[in-house]
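Here the structure is laid out as structure tokens; the discussion comes afterwards.
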Amino acid sequence: TEEEQELMNEPIGQWGEKWRQLMEEMHPEQIPSLQGRLQWELIPRQIDREAWELRKNLKAQYAKKYPRPSDENFKEVMAWENTFGLTADREIMETVVMGHIE
């Protein structure tokens, strides 16, 4: 499809690579079937898209609940970004990456 062709033009990012690693560890027997149907290439790219969309939404929700500090206070901004990042990464792993583990 057109969407699949677009996906194939994108590199596999961190979340797609994490999915592949987990599949290799947890379900290596499924990989040949996924490769034969090009899913081994498409699924990680879909995961990356879903992950970045979720991250964008999570950041908006987080910023609404915990307003981001002024850029003038570097330490507070870094603390805010780090806390958000850890929170978002956990949610992405649980929701998106693990959601695609068969």
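Chains: A, B, ... in order of the structure tokens. Residues: from 1 per chain. Ligands: from 1, in order shown.
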| Residue neighbourhood Glu17 in chain A, 9 Å, only C-alpha atoms, exclusion window fewer than 4 positions, as a PyMOL selection string | chain A and resi 12-13+21-22+44+48
With N, CA, C and O atoms retained, write the just-selected residues as a JSON list (two decimals), in the first residue's frame.
```json
[["chain", "number", "residue", "atom", "x", "y", "z"],
["A", 12, "ILE", "N", 14.37, 2.64, 10.78],
["A", 12, "ILE", "CA", 13.85, 2.03, 12.00],
["A", 12, "ILE", "C", 14.51, 2.74, 13.17],
["A", 12, "ILE", "O", 15.72, 2.82, 13.25],
["A", 13, "GLY", "N", 13.68, 3.28, 14.05],
["A", 13, "GLY", "CA", 14.18, 4.05, 15.19],
["A", 13, "GLY", "C", 14.32, 3.20, 16.44],
["A", 13, "GLY", "O", 14.21, 1.98, 16.42],
["A", 21, "GLN", "N", 14.46, -6.47, 19.18],
["A", 21, "GLN", "CA", 15.25, -7.15, 20.21],
["A", 21, "GLN", "C", 14.38, -8.05, 21.09],
["A", 21, "GLN", "O", 14.74, -9.19, 21.38],
["A", 22, "LEU", "N", 13.23, -7.51, 21.49],
["A", 22, "LEU", "CA", 12.33, -8.31, 22.33],
["A", 22, "LEU", "C", 11.78, -9.51, 21.57],
["A", 22, "LEU", "O", 11.65, -10.60, 22.15],
["A", 44, "PRO", "N", 8.30, -2.54, 12.89],
["A", 44, "PRO", "CA", 9.09, -1.61, 13.70],
["A", 44, "PRO", "C", 8.93, -0.15, 13.28],
["A", 44, "PRO", "O", 8.97, 0.76, 14.12],
["A", 48, "ASP", "N", 7.50, 2.89, 15.65],
["A", 48, "ASP", "CA", 8.13, 4.20, 15.81],
["A", 48, "ASP", "C", 7.13, 5.33, 15.60],
["A", 48, "ASP", "O", 7.11, 6.30, 16.38]]
```
| query | With only C-alpha atoms as the atoms that count, which of A:Met8, A:Ala88, A:Ile47, A:Ile31 lies nearest to Ala60 in chain A? | reply |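 Ranked by minimum distance to Ala60 in chain A, first place goes to A:Ala88.
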| task | From the DSSP assignment of the backbone, select every residue of chain A that is helix (DSSP H, G or I), and format the answer as a ChimeraX atom specification. | result | /A:2-8,14-26,28-36,39-65,74-100
Next, write the just-selected residues to a file, as an mmCIF file, in the first residue's frame, keeping C-alpha atoms as the atom set.
```cif
data_model
loop_
_atom_site.group_PDB
_atom_site.id
_atom_site.type_symbol
_atom_site.label_atom_id
_atom_site.label_comp_id
_atom_site.auth_asym_id
_atom_site.auth_seq_id
_atom_site.Cartn_x
_atom_site.Cartn_y
_atom_site.Cartn_z
ATOM 1 C CA GLU A 2 0.979 3.643 -0.182
ATOM 2 C CA GLU A 3 1.324 3.833 3.607
ATOM 3 C CA GLU A 4 3.611 0.803 3.615
ATOM 4 C CA GLN A 5 5.777 2.355 0.907
ATOM 5 C CA GLU A 6 6.054 5.547 2.980
ATOM 6 C CA LEU A 7 7.008 3.508 6.037
ATOM 7 C CA MET A 8 9.728 1.672 4.132
ATOM 8 C CA GLN A 14 14.792 3.203 18.819
ATOM 9 C CA TRP A 15 11.341 1.842 19.560
ATOM 10 C CA GLY A 16 11.249 -0.345 16.472
ATOM 11 C CA GLU A 17 14.701 -1.688 17.320
ATOM 12 C CA LYS A 18 13.572 -2.413 20.874
ATOM 13 C CA TRP A 19 10.621 -4.383 19.494
ATOM 14 C CA ARG A 20 12.957 -6.394 17.271
ATOM 15 C CA GLN A 21 15.253 -7.149 20.211
ATOM 16 C CA LEU A 22 12.330 -8.306 22.328
ATOM 17 C CA MET A 23 10.994 -10.471 19.497
ATOM 18 C CA GLU A 24 14.435 -12.061 19.072
ATOM 19 C CA GLU A 25 14.543 -12.814 22.806
ATOM 20 C CA MET A 26 10.925 -13.837 23.363
ATOM 21 C CA PRO A 28 12.491 -16.044 17.656
ATOM 22 C CA GLU A 29 10.355 -18.743 16.023
ATOM 23 C CA GLN A 30 7.990 -16.071 14.650
ATOM 24 C CA ILE A 31 10.666 -14.022 12.908
ATOM 25 C CA PRO A 32 10.928 -16.083 9.668
ATOM 26 C CA SER A 33 7.186 -15.735 9.099
ATOM 27 C CA LEU A 34 7.357 -11.988 9.745
ATOM 28 C CA GLN A 35 10.302 -11.653 7.371
ATOM 29 C CA GLY A 36 8.484 -13.566 4.649
ATOM 30 C CA GLN A 39 6.280 -7.466 8.555
ATOM 31 C CA TRP A 40 9.775 -7.605 10.074
ATOM 32 C CA GLU A 41 10.447 -4.361 8.205
ATOM 33 C CA LEU A 42 7.030 -2.708 8.513
ATOM 34 C CA ILE A 43 6.075 -3.355 12.137
ATOM 35 C CA PRO A 44 9.094 -1.607 13.702
ATOM 36 C CA ARG A 45 8.473 1.454 11.554
ATOM 37 C CA GLN A 46 4.801 1.471 12.552
ATOM 38 C CA ILE A 47 5.852 1.184 16.183
ATOM 39 C CA ASP A 48 8.134 4.197 15.813
ATOM 40 C CA ARG A 49 5.299 6.264 14.349
ATOM 41 C CA GLU A 50 2.918 5.230 17.104
ATOM 42 C CA ALA A 51 5.547 5.865 19.766
ATOM 43 C CA TRP A 52 6.312 9.409 18.597
ATOM 44 C CA GLU A 53 2.624 10.242 18.317
ATOM 45 C CA LEU A 54 2.005 8.942 21.827
ATOM 46 C CA ARG A 55 5.048 10.823 23.126
ATOM 47 C CA LYS A 56 3.703 14.060 21.626
ATOM 48 C CA ASN A 57 0.330 13.516 23.286
ATOM 49 C CA LEU A 58 1.911 12.550 26.594
ATOM 50 C CA LYS A 59 4.066 15.668 26.571
ATOM 51 C CA ALA A 60 1.017 17.889 26.074
ATOM 52 C CA GLN A 61 -0.803 16.124 28.917
ATOM 53 C CA TYR A 62 2.242 16.263 31.183
ATOM 54 C CA ALA A 63 2.842 19.948 30.474
ATOM 55 C CA LYS A 64 -0.785 20.710 31.263
ATOM 56 C CA LYS A 65 -0.575 18.897 34.592
ATOM 57 C CA PHE A 74 18.291 25.310 33.332
ATOM 58 C CA LYS A 75 18.326 22.865 36.270
ATOM 59 C CA GLU A 76 14.547 22.952 36.653
ATOM 60 C CA VAL A 77 14.037 22.502 32.919
ATOM 61 C CA MET A 78 16.425 19.533 32.868
ATOM 62 C CA ALA A 79 14.673 17.952 35.844
ATOM 63 C CA TRP A 80 11.294 18.461 34.161
ATOM 64 C CA GLU A 81 12.531 17.009 30.844
ATOM 65 C CA ASN A 82 14.166 14.024 32.550
ATOM 66 C CA THR A 83 11.081 13.234 34.601
ATOM 67 C CA PHE A 84 8.841 13.541 31.574
ATOM 68 C CA GLY A 85 11.215 11.426 29.475
ATOM 69 C CA LEU A 86 11.279 8.568 31.967
ATOM 70 C CA THR A 87 7.510 8.675 32.347
ATOM 71 C CA ALA A 88 6.925 8.749 28.592
ATOM 72 C CA ASP A 89 9.490 6.030 27.852
ATOM 73 C CA ARG A 90 7.821 3.663 30.321
ATOM 74 C CA GLU A 91 4.382 4.337 28.840
ATOM 75 C CA ILE A 92 5.646 3.834 25.272
ATOM 76 C CA MET A 93 7.304 0.541 26.192
ATOM 77 C CA GLU A 94 4.209 -0.759 27.956
ATOM 78 C CA THR A 95 1.647 0.492 25.484
ATOM 79 C CA VAL A 96 3.248 0.538 22.055
ATOM 80 C CA VAL A 97 6.241 -1.797 22.006
ATOM 81 C CA MET A 98 4.839 -4.541 24.230
ATOM 82 C CA GLY A 99 1.467 -4.131 22.538
ATOM 83 C CA HIS A 100 3.035 -5.454 19.330
#
```
